[in-house]
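Data block for protein_30.cif (mmCIF, C-alpha atoms):
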```
data_final
#
loop_
_atom_site.label_atom_id
_atom_site.label_comp_id
_atom_site.auth_asym_id
_atom_site.auth_seq_id
_atom_site.Cartn_x
_atom_site.Cartn_y
_atom_site.Cartn_z
CA MET X 132 -5.88 5.39 24.73
CA ARG X 133 -7.86 7.66 22.45
CA ILE X 134 -6.59 6.80 18.97
CA LEU X 135 -7.06 8.53 15.63
CA VAL X 136 -6.53 6.82 12.26
CA VAL X 137 -6.00 9.28 9.40
CA GLY X 138 -7.38 8.26 5.99
CA SER X 139 -10.44 6.90 4.24
CA GLY X 140 -9.48 3.76 2.28
CA GLY X 141 -9.45 0.02 2.65
CA ARG X 142 -6.05 0.17 4.35
CA GLU X 143 -7.48 2.48 7.00
CA HIS X 144 -10.56 0.29 7.49
CA ALA X 145 -8.28 -2.71 8.07
CA LEU X 146 -6.13 -0.72 10.52
CA CYS X 147 -9.23 0.51 12.37
CA TRP X 148 -10.54 -3.08 12.52
CA ALA X 149 -7.29 -4.29 14.09
CA ILE X 150 -6.90 -1.32 16.45
CA ALA X 151 -10.53 -1.53 17.64
CA ALA X 152 -9.80 -5.08 18.88
CA SER X 153 -7.03 -3.86 21.18
CA PRO X 154 -7.80 -3.50 24.89
CA LEU X 155 -5.52 -0.44 24.82
CA CYS X 156 -8.00 1.44 22.61
CA THR X 157 -10.75 3.11 24.63
CA LYS X 158 -12.05 5.38 21.85
CA LEU X 159 -11.32 5.21 18.12
CA PHE X 160 -11.65 8.05 15.62
CA CYS X 161 -11.05 8.11 11.88
CA ALA X 162 -10.72 11.20 9.70
CA PRO X 163 -12.30 11.29 7.27
CA GLY X 164 -13.21 7.56 7.25
CA ASN X 165 -15.86 5.89 5.08
CA ALA X 166 -19.18 4.03 5.33
CA GLY X 167 -17.54 0.83 6.54
CA ILE X 168 -15.25 2.46 9.07
CA ALA X 169 -18.26 4.26 10.57
CA GLY X 170 -19.33 0.93 12.07
CA ILE X 171 -16.25 0.72 14.34
CA ALA X 172 -14.96 4.29 14.75
CA GLU X 173 -16.27 7.81 15.03
CA CYS X 174 -15.70 9.35 11.60
CA VAL X 175 -14.88 13.04 11.43
CA GLU X 176 -15.01 15.01 8.18
CA VAL X 177 -11.43 16.25 8.08
CA GLY X 178 -9.40 15.55 4.95
CA ALA X 179 -6.34 13.36 5.34
CA GLU X 180 -4.10 16.06 3.84
CA ASP X 181 -5.65 18.90 5.87
CA ILE X 182 -2.67 19.19 8.21
CA ALA X 183 -4.10 22.06 10.27
CA GLY X 184 -7.50 20.37 10.46
CA GLN X 185 -6.03 17.09 11.65
CA LEU X 186 -3.96 18.84 14.33
CA ALA X 187 -7.03 20.76 15.52
CA LEU X 188 -9.03 17.52 15.70
CA VAL X 189 -6.28 15.83 17.74
CA GLN X 190 -6.19 18.70 20.20
CA ARG X 191 -9.97 19.05 20.43
CA GLU X 192 -10.58 15.35 21.07
CA LYS X 193 -7.50 14.92 23.32
CA ILE X 194 -6.10 12.17 21.10
CA ASP X 195 -3.24 10.15 22.64
CA PHE X 196 -1.94 8.42 19.52
CA VAL X 197 -2.31 9.05 15.77
CA VAL X 198 -1.87 6.38 13.09
CA VAL X 199 -1.40 7.95 9.65
CA GLY X 200 -2.58 5.70 6.83
CA PRO X 201 -1.89 7.34 3.43
CA GLU X 202 1.35 8.71 2.03
CA GLY X 203 0.15 12.20 1.09
CA PRO X 204 -0.07 13.69 4.58
CA LEU X 205 3.20 12.00 5.60
CA VAL X 206 5.09 13.50 2.67
CA ALA X 207 3.44 16.84 3.51
CA GLY X 208 4.71 16.70 7.11
CA LEU X 209 1.72 15.65 9.24
CA ALA X 210 3.87 13.45 11.49
CA ASP X 211 6.26 16.37 12.10
CA ARG X 212 3.40 18.70 13.08
CA LEU X 213 1.90 16.16 15.46
CA ALA X 214 5.23 15.27 17.06
CA GLY X 215 5.99 18.97 17.42
CA ALA X 216 2.75 19.34 19.38
CA GLY X 217 3.75 16.50 21.70
CA ILE X 218 1.44 13.89 20.13
CA LYS X 219 2.64 10.32 19.62
CA VAL X 220 2.37 9.42 15.96
CA PHE X 221 2.86 6.32 13.82
CA GLY X 222 4.37 7.43 10.52
CA PRO X 223 7.67 8.86 9.26
CA SER X 224 8.75 12.47 9.17
CA ALA X 225 8.57 14.37 5.89
CA LYS X 226 12.34 13.94 5.46
CA ALA X 227 12.09 10.16 5.87
CA ALA X 228 8.91 9.96 3.78
CA ARG X 229 10.92 11.18 0.78
CA LEU X 230 11.50 7.45 0.22
CA GLU X 231 8.07 7.49 -1.38
CA GLY X 232 7.74 11.17 -2.16
CA SER X 233 10.71 11.11 -4.54
CA LYS X 234 11.72 8.03 -6.50
CA GLY X 235 14.92 9.80 -7.46
CA PHE X 236 15.80 10.36 -3.79
CA THR X 237 15.37 6.63 -3.13
CA LYS X 238 17.41 5.59 -6.16
CA ASP X 239 20.23 7.91 -5.11
CA LEU X 240 20.10 6.48 -1.57
CA CYS X 241 20.38 2.97 -3.02
CA ARG X 242 23.37 4.00 -5.11
CA ARG X 243 25.15 5.53 -2.11
CA HIS X 244 24.60 2.52 0.16
CA GLY X 245 24.98 -0.32 -2.36
CA ILE X 246 21.33 -1.42 -2.10
CA PRO X 247 20.41 -3.70 -5.02
CA THR X 248 17.97 -2.03 -7.43
CA ALA X 249 17.53 -1.42 -11.16
CA ALA X 250 20.13 0.66 -13.03
CA TYR X 251 18.73 4.15 -13.63
CA GLU X 252 19.21 7.80 -14.47
CA ARG X 253 17.19 10.91 -13.51
CA PHE X 254 15.98 13.55 -15.98
CA THR X 255 14.19 16.87 -16.15
CA ASP X 256 15.02 17.37 -19.84
CA ALA X 257 12.94 15.32 -22.30
CA ALA X 258 15.60 15.34 -25.03
CA LYS X 259 18.27 13.94 -22.70
CA ALA X 260 15.84 11.30 -21.43
CA GLN X 261 15.02 10.33 -25.02
CA ALA X 262 18.70 9.92 -25.87
CA TYR X 263 19.19 7.69 -22.81
CA ILE X 264 16.15 5.56 -23.71
CA GLU X 265 17.38 5.12 -27.30
CA ALA X 266 20.79 4.05 -26.02
CA GLN X 267 19.32 1.55 -23.53
CA GLY X 268 16.56 0.06 -25.68
CA ALA X 269 13.33 -1.58 -24.53
CA PRO X 270 11.70 -2.88 -22.43
CA ILE X 271 12.41 -0.01 -20.06
CA VAL X 272 10.58 1.68 -17.19
CA VAL X 273 9.64 5.37 -16.87
CA LYS X 274 8.57 6.71 -13.47
CA ALA X 275 7.29 10.11 -12.39
CA ASP X 276 9.54 11.21 -9.53
CA GLY X 277 6.77 12.33 -7.17
CA LEU X 278 3.46 11.01 -5.84
CA ALA X 279 1.08 10.05 -8.64
CA ALA X 280 -1.48 7.86 -6.84
CA GLY X 281 0.10 4.64 -8.07
CA LYS X 282 -0.29 5.64 -11.72
CA GLY X 283 3.05 7.31 -12.43
CA VAL X 284 4.85 4.21 -13.68
CA VAL X 285 5.00 3.15 -17.34
CA VAL X 286 6.51 -0.21 -18.24
CA ALA X 287 7.36 0.53 -21.86
CA GLU X 288 7.62 -2.43 -24.23
CA THR X 289 9.01 -0.28 -27.04
CA VAL X 290 11.40 2.66 -27.20
CA GLN X 291 8.62 4.84 -28.63
CA GLN X 292 6.30 4.05 -25.71
CA ALA X 293 9.03 5.13 -23.29
CA ILE X 294 9.68 8.34 -25.21
CA ASP X 295 5.95 9.10 -25.26
CA ALA X 296 5.76 8.50 -21.49
CA VAL X 297 8.65 10.89 -20.85
CA ARG X 298 7.06 13.56 -23.02
CA ASP X 299 3.70 13.06 -21.27
CA MET X 300 5.32 13.61 -17.89
CA LEU X 301 7.95 16.26 -18.60
CA SER X 302 6.33 18.25 -21.39
CA GLY X 303 2.67 17.25 -21.23
CA ASN X 304 2.38 17.88 -17.48
CA ARG X 305 0.39 14.65 -17.09
CA PHE X 306 1.14 14.32 -13.37
CA GLY X 307 1.79 17.98 -12.61
CA ALA X 308 4.66 18.62 -10.19
CA ALA X 309 4.99 14.87 -9.54
CA GLY X 310 6.18 14.41 -13.13
CA ALA X 311 8.46 17.45 -13.36
CA SER X 312 11.33 15.01 -12.93
CA VAL X 313 11.45 11.40 -14.11
CA VAL X 314 13.45 8.29 -13.36
CA VAL X 315 14.22 6.03 -16.32
CA GLU X 316 15.33 2.61 -15.19
CA GLU X 317 16.19 -0.89 -16.28
CA PHE X 318 13.33 -3.35 -16.69
CA MET X 319 13.76 -6.08 -14.08
CA GLU X 320 12.73 -9.67 -14.72
CA GLY X 321 11.28 -11.75 -11.92
CA GLU X 322 8.36 -12.02 -9.55
CA GLU X 323 7.16 -9.01 -7.55
CA ALA X 324 6.40 -9.25 -3.84
CA SER X 325 5.76 -6.87 -0.96
CA LEU X 326 7.85 -6.89 2.21
CA PHE X 327 6.75 -4.75 5.13
CA ALA X 328 8.88 -3.83 8.13
CA LEU X 329 8.03 -1.85 11.23
CA CYS X 330 10.80 0.63 12.07
CA ASP X 331 11.62 2.73 15.14
CA GLY X 332 14.48 4.73 13.62
CA GLU X 333 17.06 2.14 14.61
CA HIS X 334 15.52 -1.34 14.45
CA ALA X 335 13.36 -3.01 11.80
CA LEU X 336 10.93 -5.89 12.33
CA ALA X 337 9.79 -7.80 9.26
CA LEU X 338 6.07 -8.52 8.94
CA ALA X 339 4.49 -11.41 7.07
CA GLY X 340 5.07 -11.34 3.31
CA ALA X 341 2.35 -10.53 0.78
CA GLN X 342 1.90 -10.26 -2.96
CA ASP X 343 -0.46 -7.96 -4.80
CA HIS X 344 -1.79 -7.63 -8.35
CA LYS X 345 -1.18 -4.26 -9.99
CA ARG X 346 -2.76 -4.80 -13.41
CA ALA X 347 -6.47 -4.11 -13.83
CA PHE X 348 -7.52 -7.31 -15.58
CA ASP X 349 -7.11 -11.09 -15.38
CA GLY X 350 -3.85 -12.54 -16.61
CA ASP X 351 -1.98 -9.40 -15.48
CA LYS X 352 -3.37 -7.48 -18.45
CA GLY X 353 -4.42 -3.85 -18.71
CA PRO X 354 -3.16 -0.67 -17.04
CA ASN X 355 -1.39 -0.49 -13.71
CA THR X 356 -3.64 0.32 -10.75
CA GLY X 357 -3.20 0.91 -7.05
CA GLY X 358 -3.76 -2.82 -6.57
CA MET X 359 -6.61 -5.18 -7.53
CA GLY X 360 -6.06 -7.87 -4.90
CA ALA X 361 -3.47 -9.43 -2.61
CA TYR X 362 -2.69 -12.54 -0.62
CA SER X 363 -0.45 -13.64 2.24
CA PRO X 364 1.75 -15.57 2.74
CA ALA X 365 3.55 -15.14 -0.58
CA PRO X 366 5.43 -18.35 -1.50
CA VAL X 367 8.19 -16.36 -3.21
CA LEU X 368 8.95 -14.61 0.13
CA ASP X 369 10.07 -17.57 2.20
CA ALA X 370 12.00 -17.10 5.45
CA ALA X 371 15.39 -17.16 3.73
CA MET X 372 14.33 -14.55 1.15
CA VAL X 373 12.87 -12.28 3.85
CA GLU X 374 16.10 -12.52 5.87
CA ARG X 375 18.16 -11.67 2.80
CA ALA X 376 15.93 -8.74 1.80
CA MET X 377 16.07 -7.35 5.33
CA ARG X 378 19.87 -7.68 5.42
CA GLU X 379 20.60 -6.33 1.93
CA ILE X 380 17.81 -3.79 1.43
CA VAL X 381 15.74 -2.74 4.45
CA LEU X 382 18.38 -2.49 7.19
CA PRO X 383 20.92 -0.56 5.04
CA THR X 384 18.09 1.87 4.23
CA VAL X 385 17.17 2.36 7.90
CA ARG X 386 20.82 2.89 8.82
CA GLY X 387 21.41 5.20 5.87
CA LEU X 388 18.46 7.43 6.76
CA ALA X 389 19.51 7.55 10.41
CA ALA X 390 23.01 8.58 9.36
CA ASP X 391 21.50 11.31 7.19
CA GLY X 392 19.57 12.71 10.17
CA ALA X 393 16.18 11.39 9.01
CA PRO X 394 15.44 8.35 11.23
CA TYR X 395 12.60 6.29 9.80
CA LYS X 396 9.72 5.60 12.22
CA GLY X 397 6.67 3.79 10.90
CA VAL X 398 6.10 1.02 8.43
CA LEU X 399 8.47 0.69 5.49
CA TYR X 400 7.01 -1.03 2.44
CA ALA X 401 9.62 -2.50 0.11
CA GLY X 402 8.33 -3.48 -3.29
CA LEU X 403 10.72 -6.21 -4.36
CA MET X 404 11.57 -7.97 -7.61
CA ILE X 405 12.68 -11.51 -6.88
CA GLY X 406 14.90 -12.70 -9.72
CA PRO X 407 17.71 -15.20 -10.31
CA GLU X 408 20.21 -12.93 -8.55
CA GLY X 409 17.97 -12.49 -5.48
CA PRO X 410 15.84 -9.55 -4.28
CA ARG X 411 16.13 -6.10 -5.81
CA LEU X 412 14.22 -2.99 -4.74
CA VAL X 413 11.51 -1.79 -7.12
CA GLU X 414 10.37 1.09 -4.91
CA TYR X 415 9.69 2.10 -1.33
CA ASN X 416 6.41 3.27 0.12
CA CYS X 417 6.19 5.00 3.49
CA ARG X 418 2.91 3.35 4.55
CA PHE X 419 1.11 0.03 4.60
CA GLY X 420 0.28 -1.27 1.14
CA ASP X 421 -3.30 -1.15 0.00
CA PRO X 422 -4.58 -3.91 -0.42
CA GLU X 423 -1.72 -5.80 1.30
CA CYS X 424 -2.57 -4.24 4.67
CA GLN X 425 -5.94 -5.97 4.58
CA VAL X 426 -4.49 -9.48 4.37
CA LEU X 427 -1.78 -8.69 6.94
CA MET X 428 -4.30 -7.45 9.49
CA MET X 429 -6.38 -10.59 8.96
CA ARG X 430 -3.38 -12.85 9.68
CA LEU X 431 -1.96 -10.85 12.61
CA LYS X 432 -2.66 -12.59 15.93
CA SER X 433 -0.82 -10.10 18.17
CA ASP X 434 -2.28 -6.84 19.45
CA ILE X 435 -1.24 -4.28 16.85
CA VAL X 436 -1.31 -1.19 19.09
CA PRO X 437 1.85 -1.96 21.16
CA ALA X 438 3.75 -2.64 17.93
CA LEU X 439 2.66 0.67 16.40
CA LEU X 440 3.53 2.49 19.63
CA ALA X 441 6.99 0.90 19.68
CA CYS X 442 7.68 2.46 16.28
CA ALA X 443 6.97 5.89 17.74
CA GLU X 444 8.68 5.37 21.09
CA GLY X 445 11.49 2.91 20.30
CA GLY X 446 11.93 -0.60 21.58
CA LEU X 447 11.25 -2.66 18.47
CA GLY X 448 14.53 -4.48 19.03
CA HIS X 449 12.80 -6.56 21.73
CA PHE X 450 9.55 -7.06 19.82
CA ASP X 451 7.99 -10.02 18.09
CA LEU X 452 4.63 -10.62 16.43
CA ARG X 453 2.54 -13.76 16.03
CA TRP X 454 0.88 -14.65 12.73
CA ALA X 455 -1.87 -17.10 11.87
CA ASN X 456 -0.78 -20.04 9.74
CA ASP X 457 -3.90 -19.63 7.61
CA ALA X 458 -3.76 -17.81 4.29
CA ALA X 459 -5.56 -14.51 3.71
CA LEU X 460 -6.69 -13.16 0.35
CA THR X 461 -8.45 -9.98 -0.69
CA VAL X 462 -10.31 -9.17 -3.91
CA VAL X 463 -10.66 -5.50 -4.83
CA MET X 464 -14.01 -4.51 -6.32
CA ALA X 465 -13.55 -1.36 -8.39
CA ALA X 466 -15.82 0.99 -10.30
CA LYS X 467 -16.07 0.18 -14.00
CA GLY X 468 -13.59 2.37 -15.90
CA TYR X 469 -10.98 2.41 -13.11
CA PRO X 470 -8.07 3.30 -13.22
CA ASP X 471 -9.27 5.74 -15.87
CA ALA X 472 -12.55 7.68 -15.75
CA TYR X 473 -15.29 6.15 -13.60
CA GLU X 474 -18.60 7.24 -12.09
CA LYS X 475 -19.33 7.76 -8.41
CA GLY X 476 -22.62 7.41 -6.58
CA SER X 477 -23.89 3.96 -7.63
CA GLU X 478 -25.57 1.93 -4.88
CA ILE X 479 -24.01 -1.26 -3.49
CA ARG X 480 -26.44 -3.84 -2.10
CA ASN X 481 -26.34 -7.12 -0.20
CA LEU X 482 -23.14 -6.39 1.72
CA ASP X 483 -24.51 -7.93 4.92
CA ALA X 484 -25.15 -11.30 3.26
CA ALA X 485 -21.70 -11.27 1.64
CA GLY X 486 -20.08 -10.51 4.99
CA GLU X 487 -21.69 -13.60 6.53
CA VAL X 488 -19.67 -16.01 4.37
CA GLU X 489 -17.39 -18.01 6.66
CA GLY X 490 -13.98 -16.40 7.16
CA VAL X 491 -14.90 -13.23 5.23
CA GLN X 492 -14.38 -9.62 6.29
CA ILE X 493 -15.38 -6.81 3.92
CA PHE X 494 -13.22 -3.71 4.18
CA HIS X 495 -14.60 -0.54 2.59
CA ALA X 496 -12.27 1.54 0.44
CA GLY X 497 -14.19 4.17 -1.54
CA THR X 498 -17.67 4.26 -0.01
CA ARG X 499 -20.02 6.76 1.60
CA PHE X 500 -23.57 6.71 2.89
CA GLY X 501 -26.43 8.08 0.80
CA PRO X 502 -28.50 11.04 2.03
CA ASP X 503 -30.69 8.63 4.00
CA GLY X 504 -27.68 7.48 6.02
CA LYS X 505 -28.41 3.85 5.18
CA ARG X 506 -27.64 3.10 1.53
CA VAL X 507 -23.96 2.46 0.75
CA LEU X 508 -22.74 4.29 -2.35
CA ALA X 509 -19.53 3.96 -4.35
CA ASN X 510 -17.29 6.97 -3.80
CA GLY X 511 -13.99 6.11 -5.50
CA GLY X 512 -12.15 3.94 -7.99
CA ARG X 513 -11.31 1.05 -5.69
CA VAL X 514 -14.45 0.61 -3.63
CA LEU X 515 -14.47 -2.67 -1.64
CA ASN X 516 -11.89 -5.20 -0.41
CA VAL X 517 -13.56 -8.57 -0.01
CA THR X 518 -11.12 -10.39 2.28
CA ALA X 519 -11.10 -14.00 3.44
CA MET X 520 -9.05 -16.32 5.68
CA ALA X 521 -8.81 -20.10 5.32
CA PRO X 522 -6.29 -22.90 5.88
CA THR X 523 -5.13 -22.73 2.24
CA VAL X 524 -4.90 -19.97 -0.35
CA GLU X 525 -7.30 -21.94 -2.58
CA ASP X 526 -9.91 -22.05 0.18
CA ALA X 527 -9.43 -18.37 0.98
CA ARG X 528 -9.90 -17.53 -2.69
CA SER X 529 -13.05 -19.65 -2.87
CA ARG X 530 -14.55 -17.89 0.16
CA ALA X 531 -13.68 -14.42 -1.12
CA TYR X 532 -15.25 -14.99 -4.53
CA ARG X 533 -18.34 -16.56 -2.93
CA ALA X 534 -18.81 -13.28 -1.07
CA VAL X 535 -18.04 -11.21 -4.19
CA ASP X 536 -20.76 -13.05 -6.08
CA LEU X 537 -23.32 -12.18 -3.40
CA ILE X 538 -22.66 -8.44 -3.68
CA ASP X 539 -25.18 -6.65 -5.90
CA TRP X 540 -23.23 -3.91 -7.65
CA PRO X 541 -23.60 -3.95 -11.47
CA GLN X 542 -21.37 -0.88 -11.82
CA GLY X 543 -18.39 -2.70 -10.31
CA PHE X 544 -15.81 -5.21 -11.54
CA CYS X 545 -12.99 -7.31 -10.14
CA ARG X 546 -10.26 -9.67 -11.22
CA ARG X 547 -11.18 -13.35 -10.97
CA ASP X 548 -7.63 -14.71 -10.74
CA ILE X 549 -6.21 -13.30 -7.50
CA ALA X 550 -3.34 -15.49 -6.17
CA TRP X 551 -2.95 -17.34 -9.46
CA ARG X 552 0.80 -17.61 -8.93
CA ALA X 553 0.41 -19.24 -5.52
CA VAL X 554 -2.32 -21.59 -6.75
CA THR X 555 -0.28 -22.56 -9.82
CA ARG X 556 2.80 -23.16 -7.69
CA ARG X 557 0.85 -25.42 -5.28
CA SER X 558 -0.67 -27.46 -8.11
#
```

Would you give me this structure, written as structure tokens?
Amino acid sequence: MRILVVGSGGREHALCWAIAASPLCTKLFCAPGNAGIAGIAECVEVGAEDIAGQLALVQREKIDFVVVGPEGPLVAGLADRLAGAGIKVFGPSAKAARLEGSKGFTKDLCRRHGIPTAAYERFTDAAKAQAYIEAQGAPIVVKADGLAAGKGVVVAETVQQAIDAVRDMLSGNRFGAAGASVVVEEFMEGEEASLFALCDGEHALALAGAQDHKRAFDGDKGPNTGGMGAYSPAPVLDAAMVERAMREIVLPTVRGLAADGAPYKGVLYAGLMIGPEGPRLVEYNCRFGDPECQVLMMRLKSDIVPALLACAEGGLGHFDLRWANDAALTVVMAAKGYPDAYEKGSEIRNLDAAGEVEGVQIFHAGTRFGPDGKRVLANGGRVLNVTAMAPTVEDARSRAYRAVDLIDWPQGFCRRDIAWRAVTRRS
């Protein structure tokens, strides 16, 4: 098969890495790709959200199967356009992708189908939102309804912080159209984890569990980011917890969407809060997590392509996947200043030596080649995912940081405590 992966981040590099290993893949493309992906796929300069450009590329290169990485093009309807042109595609329709495109849509779905999640209300009026916040008290969570690149969530520790967040979004236009409506919800206590399930519109197959780190700095301090590291397996997501989350959260969602005429086909990412009363849904994403995808692809022993195809064609009910017993861990190296203002264009050196550390695979996230076509330059906020596999999470962490320390990039930073919960639990 001639396969196209849409996107340019670390998630897409990990997907390309896994797909390239499949005997079913005869030619691999990525659009637009990055400097790391260029080593295993033909990168084509077409933006991920350029729907017409992606469709033209598919038709020009006679692509058999498209795997859509990021949420933006899915919410915008890329899967619908491709399917309408007779192209097999991994990724949900725009109607199903509303699970990520609108937090309010997801909360309302949960309410209708009795799916456990935080108590909430939706607002477009700042004064009404303020009155609700004052009545509920703090801590409380304010979320922009639409896509805000992982930055539209404020966990407010005081009432005033929550009111300021609402005003920023509704009146201050901080996130544009994404913040024209907000969800204000209960603060949930517990431990966060990420559960991924492949879906074919009718069936759902749970993948290995993972846990990521949203805060920018060690000790879970600093602003929320798109993710500063991840590891798998996640001790908090044992087999019993996965079974319960699938039964109480994921499967009712899949059935509810199917009943609403929007069958979900692709990967469903359930961000969970595991508390004393069990799992509750924090949010849904309509794509693989980034950086969780990187650790999942490292641990996956099965050929990924038949599983992705089954999502598009049906048949997941008879599917199973094999996973390595080893732990995988990824450390995100980001540009200094991220998630706020940061500079692009700094050179990253010594990647080859870092990639030679035993068990290490370096996935590129925000990189490009310099004008000479050789130097690797930073081209985003999250720039590299230094990923390692080992028999234990401690050993995987040791290998990943050994590789991090070999990378010569003074303009970058990373957290030094990835998987601290798992390490603490084991000790």

Within 12 Å of range 494-497 of chain X using only C-alpha atoms, minus same-chain residues under 5 positions, as number ranges by chain: X: 138-149, 163-171, 357-359, 421-422, 424-426, 428-429, 461-466, 474-477, 479, 482, 485-486, 507-519, 531, 543

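Nearest residue to Ala361 in chain X among X:Leu205, X:Met377, X:Ala553, X:Leu460 is X:Leu460, counting all atoms listed in the file.
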
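This file gives the following result for the PyMOL selection byres ((chain X and resi 253) around 8): Gly235, Tyr251, Glu252, Phe254, Thr255, Ser312, Val313, Val314 and Val315 of chain X.
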
Non-local contacts of Asp276 in chain X (12 Å; all atoms listed in the file; under 6 positions in same chain excluded) as JSON, numbers by chain: {"X": [229, 230, 231, 232, 233, 234, 235, 236, 237, 238, 252, 253, 254, 255, 282, 283, 284, 297, 300, 301, 306, 307, 308, 309, 310, 311, 312, 313, 314, 315, 316, 414]}

Same residues, C-alpha atoms, saved as a PDB file, keeping the file's coordinate frame:
```
ATOM      1  CA  ARG X 229      10.920  11.180   0.780  1.00  0.00           C
ATOM      2  CA  LEU X 230      11.500   7.450   0.220  1.00  0.00           C
ATOM      3  CA  GLU X 231       8.070   7.490  -1.380  1.00  0.00           C
ATOM      4  CA  GLY X 232       7.740  11.170  -2.160  1.00  0.00           C
ATOM      5  CA  SER X 233      10.710  11.110  -4.540  1.00  0.00           C
ATOM      6  CA  LYS X 234      11.720   8.030  -6.500  1.00  0.00           C
ATOM      7  CA  GLY X 235      14.920   9.800  -7.460  1.00  0.00           C
ATOM      8  CA  PHE X 236      15.800  10.360  -3.790  1.00  0.00           C
ATOM      9  CA  THR X 237      15.370   6.630  -3.130  1.00  0.00           C
ATOM     10  CA  LYS X 238      17.410   5.590  -6.160  1.00  0.00           C
ATOM     11  CA  GLU X 252      19.210   7.800 -14.470  1.00  0.00           C
ATOM     12  CA  ARG X 253      17.190  10.910 -13.510  1.00  0.00           C
ATOM     13  CA  PHE X 254      15.980  13.550 -15.980  1.00  0.00           C
ATOM     14  CA  THR X 255      14.190  16.870 -16.150  1.00  0.00           C
ATOM     15  CA  LYS X 282      -0.290   5.640 -11.720  1.00  0.00           C
ATOM     16  CA  GLY X 283       3.050   7.310 -12.430  1.00  0.00           C
ATOM     17  CA  VAL X 284       4.850   4.210 -13.680  1.00  0.00           C
ATOM     18  CA  VAL X 297       8.650  10.890 -20.850  1.00  0.00           C
ATOM     19  CA  MET X 300       5.320  13.610 -17.890  1.00  0.00           C
ATOM     20  CA  LEU X 301       7.950  16.260 -18.600  1.00  0.00           C
ATOM     21  CA  PHE X 306       1.140  14.320 -13.370  1.00  0.00           C
ATOM     22  CA  GLY X 307       1.790  17.980 -12.610  1.00  0.00           C
ATOM     23  CA  ALA X 308       4.660  18.620 -10.190  1.00  0.00           C
ATOM     24  CA  ALA X 309       4.990  14.870  -9.540  1.00  0.00           C
ATOM     25  CA  GLY X 310       6.180  14.410 -13.130  1.00  0.00           C
ATOM     26  CA  ALA X 311       8.460  17.450 -13.360  1.00  0.00           C
ATOM     27  CA  SER X 312      11.330  15.010 -12.930  1.00  0.00           C
ATOM     28  CA  VAL X 313      11.450  11.400 -14.110  1.00  0.00           C
ATOM     29  CA  VAL X 314      13.450   8.290 -13.360  1.00  0.00           C
ATOM     30  CA  VAL X 315      14.220   6.030 -16.320  1.00  0.00           C
ATOM     31  CA  GLU X 316      15.330   2.610 -15.190  1.00  0.00           C
ATOM     32  CA  GLU X 414      10.370   1.090  -4.910  1.00  0.00           C
TER      33      GLU X 414
END
```

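Picked by the PyMOL selection byres ((chain X and resi 448) around 10) from the coordinates shown: Cys330, Asp331, Glu333, His334, Ala335, Leu336, Ala441, Gly445, Gly446, Leu447, His449, Phe450 and Asp451 of chain X.
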
Would you mind exporting the chosen residues as a PDB file, in the coordinates of the input, restricted to C-alpha atoms?
```
ATOM      1  CA  CYS X 330      10.800   0.630  12.070  1.00  0.00           C
ATOM      2  CA  ASP X 331      11.620   2.730  15.140  1.00  0.00           C
ATOM      3  CA  GLU X 333      17.060   2.140  14.610  1.00  0.00           C
ATOM      4  CA  HIS X 334      15.520  -1.340  14.450  1.00  0.00           C
ATOM      5  CA  ALA X 335      13.360  -3.010  11.800  1.00  0.00           C
ATOM      6  CA  LEU X 336      10.930  -5.890  12.330  1.00  0.00           C
ATOM      7  CA  ALA X 441       6.990   0.900  19.680  1.00  0.00           C
ATOM      8  CA  GLY X 445      11.490   2.910  20.300  1.00  0.00           C
ATOM      9  CA  GLY X 446      11.930  -0.600  21.580  1.00  0.00           C
ATOM     10  CA  LEU X 447      11.250  -2.660  18.470  1.00  0.00           C
ATOM     11  CA  HIS X 449      12.800  -6.560  21.730  1.00  0.00           C
ATOM     12  CA  PHE X 450       9.550  -7.060  19.820  1.00  0.00           C
ATOM     13  CA  ASP X 451       7.990 -10.020  18.090  1.00  0.00           C
TER      14      ASP X 451
END
```

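Shortest separation to Gly203 in chain X among X:Pro154, X:Gly490, X:Gly277, X:Gly215 occurs at residue X:Gly277, atoms counted being only C-alpha atoms.
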
Could you check which of X:Lys505, X:Arg305, X:Lys432, X:His344 is closest to Trp454 in chain X, using all atoms listed in the file? X:Lys432
